>>> print(open('data.cif').read())   # mmCIF, C-alpha atoms
data_target
loop_
_atom_site.label_atom_id
_atom_site.label_comp_id
_atom_site.auth_asym_id
_atom_site.auth_seq_id
_atom_site.Cartn_x
_atom_site.Cartn_y
_atom_site.Cartn_z
CA VAL Z 1 0.00 0.00 0.00
CA MET Z 2 2.79 2.43 0.89
CA MET Z 3 4.57 1.67 -2.40
CA GLY Z 4 1.35 2.40 -4.27
CA LEU Z 5 0.86 5.70 -2.47
CA ALA Z 6 4.45 6.60 -3.31
CA GLY Z 7 3.83 5.90 -7.02
CA GLU Z 8 6.32 3.03 -7.06
CA LEU Z 9 4.00 0.37 -8.57
CA CYS Z 10 3.16 -0.15 -12.24
CA PHE Z 11 0.23 -2.50 -11.55
CA GLN Z 12 -0.92 -4.31 -8.44
CA ASP Z 13 -4.12 -6.08 -7.48
CA ARG Z 14 -3.26 -8.84 -5.03
CA HIS Z 15 -3.75 -7.98 -1.33
CA ILE Z 16 -4.16 -4.22 -1.84
CA ALA Z 17 -7.24 -4.01 -4.10
CA THR Z 18 -9.73 -3.83 -1.25
CA LEU Z 19 -12.66 -1.53 -0.58
CA ALA Z 20 -10.93 -0.42 2.62
CA ASN Z 21 -7.94 0.80 0.59
CA LYS Z 22 -9.91 2.32 -2.28
CA ALA Z 23 -10.69 5.60 -0.53
CA LEU Z 24 -7.04 5.97 0.48
CA PHE Z 25 -5.87 5.48 -3.10
CA MET Z 26 -8.51 7.86 -4.46
CA ASP Z 27 -7.42 10.60 -2.05
CA ASN Z 28 -3.84 10.22 -3.32
CA ALA Z 29 -4.66 9.51 -6.97
CA GLN Z 30 -3.41 12.81 -8.38
CA LYS Z 31 -0.28 13.02 -6.24
CA ALA Z 32 0.84 9.45 -6.95
CA ASP Z 33 -0.55 9.25 -10.52
CA ILE Z 34 -2.87 6.41 -9.53
CA ARG Z 35 -5.39 5.14 -12.07
CA PHE Z 36 -8.07 2.54 -11.38
CA VAL Z 37 -8.69 -0.45 -13.63
CA ASP Z 38 -11.74 -2.71 -13.51
CA ILE Z 39 -10.82 -6.37 -13.89
CA ARG Z 40 -12.92 -9.51 -13.76
CA PRO Z 41 -11.50 -12.14 -11.41
CA THR Z 42 -11.72 -15.79 -12.40
CA GLY Z 43 -12.92 -16.82 -8.93
CA MET Z 44 -16.62 -17.48 -8.41
CA ASN Z 45 -16.89 -16.56 -4.74
CA SER Z 46 -14.97 -14.27 -2.41
CA MET Z 47 -15.46 -16.59 0.56
CA MET Z 48 -16.49 -20.22 0.92
CA VAL Z 49 -17.55 -21.83 4.22
CA PRO Z 50 -17.10 -25.56 3.51
CA LEU Z 51 -17.97 -28.13 6.15
CA ASN Z 52 -15.47 -30.98 6.36
CA LEU Z 53 -17.26 -33.98 4.84
CA THR Z 54 -14.42 -36.34 5.84
CA HIS Z 55 -14.26 -35.24 9.50
CA LYS Z 56 -12.32 -37.62 11.75
CA ASP Z 57 -15.12 -37.59 14.33
CA PRO Z 58 -17.74 -40.02 12.96
CA VAL Z 59 -20.63 -38.10 14.56
CA MET Z 60 -19.50 -34.80 13.03
CA ARG Z 61 -18.78 -36.50 9.71
CA GLN Z 62 -22.30 -37.93 9.52
CA LEU Z 63 -23.81 -34.57 10.51
CA PHE Z 64 -21.78 -32.60 7.98
CA GLN Z 65 -22.62 -35.13 5.24
CA ASN Z 66 -26.32 -34.53 5.89
CA LYS Z 67 -27.33 -32.36 2.96
CA ASN Z 68 -30.30 -30.86 4.81
CA PHE Z 69 -28.01 -29.75 7.65
CA ARG Z 70 -25.86 -27.85 5.18
CA ILE Z 71 -28.92 -26.39 3.45
CA ALA Z 72 -30.30 -25.21 6.80
CA LEU Z 73 -27.03 -23.45 7.68
CA SER Z 74 -27.05 -21.80 4.26
CA HIS Z 75 -30.58 -20.45 4.71
CA ALA Z 76 -29.58 -19.12 8.15
CA ILE Z 77 -27.02 -16.74 6.60
CA ASN Z 78 -28.25 -13.24 5.76
CA ARG Z 79 -26.04 -12.74 2.73
CA LYS Z 80 -27.57 -9.38 1.77
CA GLU Z 81 -26.77 -7.90 5.17
CA LEU Z 82 -23.32 -9.49 5.12
CA ILE Z 83 -22.57 -7.94 1.72
CA ASP Z 84 -23.86 -4.54 2.83
CA VAL Z 85 -21.90 -4.52 6.10
CA ILE Z 86 -18.62 -6.14 5.04
CA ASN Z 87 -18.42 -5.34 1.34
CA LEU Z 88 -20.14 -1.93 1.29
CA GLY Z 89 -23.00 -3.33 -0.78
CA VAL Z 90 -20.80 -4.67 -3.58
CA GLY Z 91 -21.60 -8.25 -4.58
CA GLU Z 92 -24.50 -10.67 -4.71
CA PRO Z 93 -25.42 -13.92 -2.95
CA TRP Z 94 -23.77 -16.84 -4.73
CA GLN Z 95 -23.07 -20.50 -4.19
CA GLY Z 96 -19.91 -22.42 -5.15
CA ALA Z 97 -20.79 -22.29 -8.84
CA PRO Z 98 -19.34 -20.92 -12.10
CA LEU Z 99 -20.03 -17.33 -13.16
CA PRO Z 100 -22.55 -16.43 -15.92
CA GLU Z 101 -19.67 -15.91 -18.37
CA SER Z 102 -18.63 -19.53 -18.04
CA PRO Z 103 -19.95 -22.19 -20.45
CA LEU Z 104 -20.56 -24.27 -17.30
CA TYR Z 105 -22.86 -21.65 -15.71
CA ASN Z 106 -26.05 -23.00 -14.16
CA GLU Z 107 -28.40 -20.48 -12.57
CA LYS Z 108 -30.04 -23.01 -10.25
CA LEU Z 109 -26.72 -24.20 -8.85
CA ALA Z 110 -25.47 -20.64 -8.46
CA LYS Z 111 -28.49 -19.39 -6.52
CA GLN Z 112 -29.93 -22.37 -4.67
CA TYR Z 113 -30.24 -22.10 -0.87
CA THR Z 114 -28.91 -18.51 -0.83
CA GLU Z 115 -32.23 -17.02 0.33
CA PHE Z 116 -32.16 -15.87 3.95
CA ASP Z 117 -34.97 -17.78 5.64
CA LYS Z 118 -34.49 -18.19 9.39
CA ALA Z 119 -37.83 -19.96 9.88
CA LYS Z 120 -36.97 -22.58 7.27
CA ALA Z 121 -33.51 -23.06 8.80
CA VAL Z 122 -34.99 -23.57 12.27
CA LYS Z 123 -37.58 -26.03 10.97
CA MET Z 124 -34.96 -28.11 9.18
CA LEU Z 125 -32.58 -28.08 12.14
CA ASP Z 126 -35.39 -29.06 14.52
CA GLU Z 127 -35.79 -32.24 12.50
CA ILE Z 128 -32.06 -33.01 12.52
CA LEU Z 129 -30.96 -31.76 15.95
CA PRO Z 130 -34.07 -31.36 18.13
CA LYS Z 131 -32.32 -31.45 21.53
CA LYS Z 132 -30.82 -28.27 23.02
CA ASP Z 133 -28.80 -27.30 26.07
CA ALA Z 134 -29.78 -24.80 28.75
CA GLU Z 135 -28.57 -21.93 26.54
CA GLY Z 136 -30.74 -22.98 23.61
CA MET Z 137 -27.80 -24.31 21.61
CA ARG Z 138 -28.31 -27.59 19.77
CA LEU Z 139 -26.79 -30.86 20.92
CA ARG Z 140 -25.10 -33.42 18.70
CA PRO Z 141 -26.97 -36.63 17.83
CA ASP Z 142 -24.97 -38.37 20.57
CA GLY Z 143 -26.16 -35.83 23.17
CA LYS Z 144 -22.86 -33.96 23.47
CA SER Z 145 -22.55 -30.20 23.04
CA LEU Z 146 -22.23 -29.18 19.40
CA GLY Z 147 -19.52 -26.66 18.60
CA ILE Z 148 -18.18 -25.87 15.14
CA VAL Z 149 -14.86 -24.08 14.63
CA ALA Z 150 -14.30 -22.04 11.47
CA GLU Z 151 -10.59 -21.62 10.79
CA VAL Z 152 -9.44 -18.72 8.62
CA ALA Z 153 -6.13 -17.11 7.67
CA SER Z 154 -5.33 -14.30 10.12
CA ASN Z 155 -4.39 -11.86 7.32
CA GLN Z 156 -7.86 -12.06 5.74
CA GLN Z 157 -9.72 -9.50 7.82
CA ALA Z 158 -12.80 -9.27 5.59
CA ARG Z 159 -13.34 -13.02 5.92
CA ILE Z 160 -12.84 -12.86 9.68
CA ASP Z 161 -15.42 -10.07 9.91
CA SER Z 162 -17.81 -12.07 7.71
CA LEU Z 163 -17.43 -15.11 9.93
CA GLU Z 164 -18.28 -13.05 13.00
CA LEU Z 165 -21.60 -12.20 11.36
CA ILE Z 166 -22.17 -15.81 10.35
CA LYS Z 167 -21.42 -16.82 13.94
CA LYS Z 168 -24.32 -14.60 15.02
CA TYR Z 169 -26.65 -15.90 12.30
CA TRP Z 170 -25.98 -19.51 13.24
CA ALA Z 171 -26.36 -18.80 16.96
CA ASP Z 172 -29.82 -17.42 16.17
CA VAL Z 173 -30.82 -20.90 14.94
CA GLY Z 174 -29.08 -22.76 17.76
CA ILE Z 175 -25.71 -23.59 16.22
CA ARG Z 176 -22.63 -22.61 18.22
CA MET Z 177 -19.68 -21.60 16.06
CA ALA Z 178 -16.27 -20.18 16.98
CA VAL Z 179 -14.03 -18.15 14.66
CA LYS Z 180 -10.35 -19.12 14.76
CA PRO Z 181 -7.94 -16.86 12.84
CA GLU Z 182 -4.53 -18.46 12.41
CA ASP Z 183 -1.38 -18.22 10.34
CA ARG Z 184 -1.99 -19.18 6.73
CA SER Z 185 0.64 -21.93 6.79
CA LEU Z 186 -1.01 -23.46 9.88
CA LEU Z 187 -4.40 -23.36 8.16
CA TYR Z 188 -2.92 -25.25 5.20
CA THR Z 189 -1.28 -27.80 7.49
CA ARG Z 190 -4.44 -28.44 9.49
CA LYS Z 191 -6.60 -28.64 6.38
CA GLU Z 192 -4.28 -31.14 4.71
CA ALA Z 193 -4.21 -33.20 7.92
CA ASN Z 194 -8.03 -33.28 7.96
CA GLU Z 195 -8.11 -31.53 11.35
CA CYS Z 196 -10.64 -28.77 10.56
CA ASP Z 197 -14.39 -28.46 10.99
CA ILE Z 198 -14.40 -25.61 8.48
CA ALA Z 199 -11.40 -24.25 6.55
CA VAL Z 200 -12.43 -20.93 5.01
CA TRP Z 201 -11.05 -19.84 1.66
CA GLY Z 202 -12.12 -18.21 -1.59
CA GLY Z 203 -13.90 -19.94 -4.43
CA ASP Z 204 -11.97 -20.76 -7.59
CA GLY Z 205 -13.35 -22.02 -10.89
CA GLY Z 206 -15.59 -19.08 -11.77
CA TYR Z 207 -14.39 -18.96 -15.36
CA ASP Z 208 -11.91 -20.93 -17.39
CA VAL Z 209 -9.92 -18.00 -18.85
CA ILE Z 210 -8.77 -14.57 -17.69
CA LEU Z 211 -11.09 -12.03 -19.26
CA GLU Z 212 -9.87 -8.84 -20.89
CA PRO Z 213 -9.81 -5.97 -18.39
CA ARG Z 214 -11.86 -2.83 -19.04
CA TRP Z 215 -9.57 0.18 -19.09
#
>>> encode(input="data.cif", output="structure tokens")
Amino acid sequence: VMMGLAGELCFQDRHIATLANKALFMDNAQKADIRFVDIRPTGMNSMMVPLNLTHKDPVMRQLFQNKNFRIALSHAINRKELIDVINLGVGEPWQGAPLPESPLYNEKLAKQYTEFDKAKAVKMLDEILPKKDAEGMRLRPDGKSLGIVAEVASNQQARIDSLELIKKYWADVGIRMAVKPEDRSLLYTRKEANECDIAVWGGDGGYDVILEPRW
């Protein structure tokens, strides 16, 4: 960021092209000869929240593999509010699916289960995990306390902030979730060792080629 403000960069997107930095760059645009370029990323989603379907705990594995459990958690997320609060209104609700520009685009797959519907989420979860503790949080099928940990790279503040909102949304339907920022290398190590409940990252595979930027 400091190199950009000093006019020392020819082109840079990675790590500095954030909404938080945009105002700073605009204020210094004339002094540092900064020009903005719109580009289309090839990723299909800025943040994915994937449950570990091969969890080492057999109870958690069976729960995470329950499609209706995952659908319920998806309906519990208020994506519109999340986009407005974290991304200043830029973006739209989207699943892990290719973008419209891709020959593999499928509207149903891209939009399914993205509607915020707390009542539907509660109804579905009541069928899967009907028992709760004294705090109103749902218990696992084996009667133990259910707690899900979402691990995220500590340098990805927007994703951390998004997870804090998701933590609230899920608590509202009786699912306890903790946010665990950690060093990126540790996240990779734990993910590869199959140690995570959730390992948060972006979504690749939005389009199969890099599109021409609009200057």
>>> closest_residue(input="data.cif", among="Z:Lys111, Z:Arg176, Z:His75, Z:Lys120", to="Pro98 (chain Z)", atoms="all atoms listed in the file")
Z:Lys111
>>> residues_around(input="data.cif", residues="Thr189 (chain Z)", least_positions_apart="5", cutoff="12 Å", atoms="all atoms listed in the file", output="ChimeraX atom specification")
/Z:151,153,182-184,194-196,199
>>> residues_around(input="data.cif", residues="Gln95 (chain Z)", least_positions_apart="3", cutoff="8 Å", atoms="all atoms listed in the file", output="VMD selection string")
chain Z and resid 45 109 to 112 114
>>> resolve_selection(input="data.cif", expression="the PyMOL selection byres ((chain Z and resi 53-55) around 10)", output="PyMOL selection string")
chain Z and resi 50-52+56-66+194-198
>>> atom_distance(input="data.cif", atom1="CA of Lys144 (chain Z)", atom2="CA of Glu164 (chain Z)")
23.8 Å
>>> residues_around(input="data.cif", residues="region 2-15 of chain Z", least_positions_apart="6", cutoff="10 Å", atoms="only C-alpha atoms", output="list in words")
Asn21, Leu24, Phe25, Met26, Asp27, Asn28, Ala29, Lys31, Ala32, Asp33, Ile34, Arg35, Phe36, Val37, Ile39, Asn155 and Gln156 of chain Z
>>> write_last_selection(input="data.cif", atoms="C-alpha atoms", output="PDB file, keeping the file's coordinate frame")
ATOM      1  CA  ASN Z  21      -7.940   0.800   0.590  1.00  0.00           C
ATOM      2  CA  LEU Z  24      -7.040   5.970   0.480  1.00  0.00           C
ATOM      3  CA  PHE Z  25      -5.870   5.480  -3.100  1.00  0.00           C
ATOM      4  CA  MET Z  26      -8.510   7.860  -4.460  1.00  0.00           C
ATOM      5  CA  ASP Z  27      -7.420  10.600  -2.050  1.00  0.00           C
ATOM      6  CA  ASN Z  28      -3.840  10.220  -3.320  1.00  0.00           C
ATOM      7  CA  ALA Z  29      -4.660   9.510  -6.970  1.00  0.00           C
ATOM      8  CA  LYS Z  31      -0.280  13.020  -6.240  1.00  0.00           C
ATOM      9  CA  ALA Z  32       0.840   9.450  -6.950  1.00  0.00           C
ATOM     10  CA  ASP Z  33      -0.550   9.250 -10.520  1.00  0.00           C
ATOM     11  CA  ILE Z  34      -2.870   6.410  -9.530  1.00  0.00           C
ATOM     12  CA  ARG Z  35      -5.390   5.140 -12.070  1.00  0.00           C
ATOM     13  CA  PHE Z  36      -8.070   2.540 -11.380  1.00  0.00           C
ATOM     14  CA  VAL Z  37      -8.690  -0.450 -13.630  1.00  0.00           C
ATOM     15  CA  ILE Z  39     -10.820  -6.370 -13.890  1.00  0.00           C
ATOM     16  CA  ASN Z 155      -4.390 -11.860   7.320  1.00  0.00           C
ATOM     17  CA  GLN Z 156      -7.860 -12.060   5.740  1.00  0.00           C
TER      18      GLN Z 156
END
>>> resolve_selection(input="data.cif", expression="the PyMOL selection byres ((chain Z and resi 202) around 7)", output="PyMOL selection string")
chain Z and resi 45-48+201+203-204
>>> residues_around(input="data.cif", residues="region 85-89 of chain Z", least_positions_apart="5", cutoff="9 Å", atoms="all atoms listed in the file", output="mmCIF file with C-alpha atoms, keeping the file's coordinate frame")
data_model
loop_
_atom_site.group_PDB
_atom_site.id
_atom_site.type_symbol
_atom_site.label_atom_id
_atom_site.label_comp_id
_atom_site.auth_asym_id
_atom_site.auth_seq_id
_atom_site.Cartn_x
_atom_site.Cartn_y
_atom_site.Cartn_z
ATOM 1 C CA LEU Z 19 -12.660 -1.530 -0.580
ATOM 2 C CA LYS Z 80 -27.570 -9.380 1.770
ATOM 3 C CA ALA Z 158 -12.800 -9.270 5.590
ATOM 4 C CA ARG Z 159 -13.340 -13.020 5.920
ATOM 5 C CA ASP Z 161 -15.420 -10.070 9.910
ATOM 6 C CA SER Z 162 -17.810 -12.070 7.710
#
>>> axis_aligned_box(input="data.cif", around="region 153-158 of chain Z", padding_each_side="4 Å", output="AutoDock Vina command-line options")
--center_x -8.6 --center_y -13.2 --center_z 7.9 --size_x 16.4 --size_y 15.8 --size_z 12.5
>>> atom_distance(input="data.cif", atom1="CA of Leu104 (chain Z)", atom2="CA of Gly43 (chain Z)")
13.6 Å
>>> closest_residue(input="data.cif", among="Z:Asp38, Z:Ala171, Z:Val1, Z:Lys123", to="Arg138 (chain Z)", atoms="only C-alpha atoms")
Z:Ala171
>>> closest_residue(input="data.cif", among="Z:Gln157, Z:Ile16, Z:Leu82, Z:Val152", to="Ser185 (chain Z)", atoms="all atoms listed in the file")
Z:Val152
>>> atom_distance(input="data.cif", atom1="CA of Gly205 (chain Z)", atom2="CA of Ser102 (chain Z)")
9.2 Å
>>> residues_around(input="data.cif", residues="Tyr113 (chain Z)", least_positions_apart="4", cutoff="12 Å", atoms="all atoms listed in the file", output="ChimeraX atom specification")
/Z:67-79,93-96,107-109,117-118,120-121
>>> closest_residue(input="data.cif", among="Z:Ile175, Z:Met137, Z:Lys132, Z:Pro41", to="Ala17 (chain Z)", atoms="only C-alpha atoms")
Z:Pro41
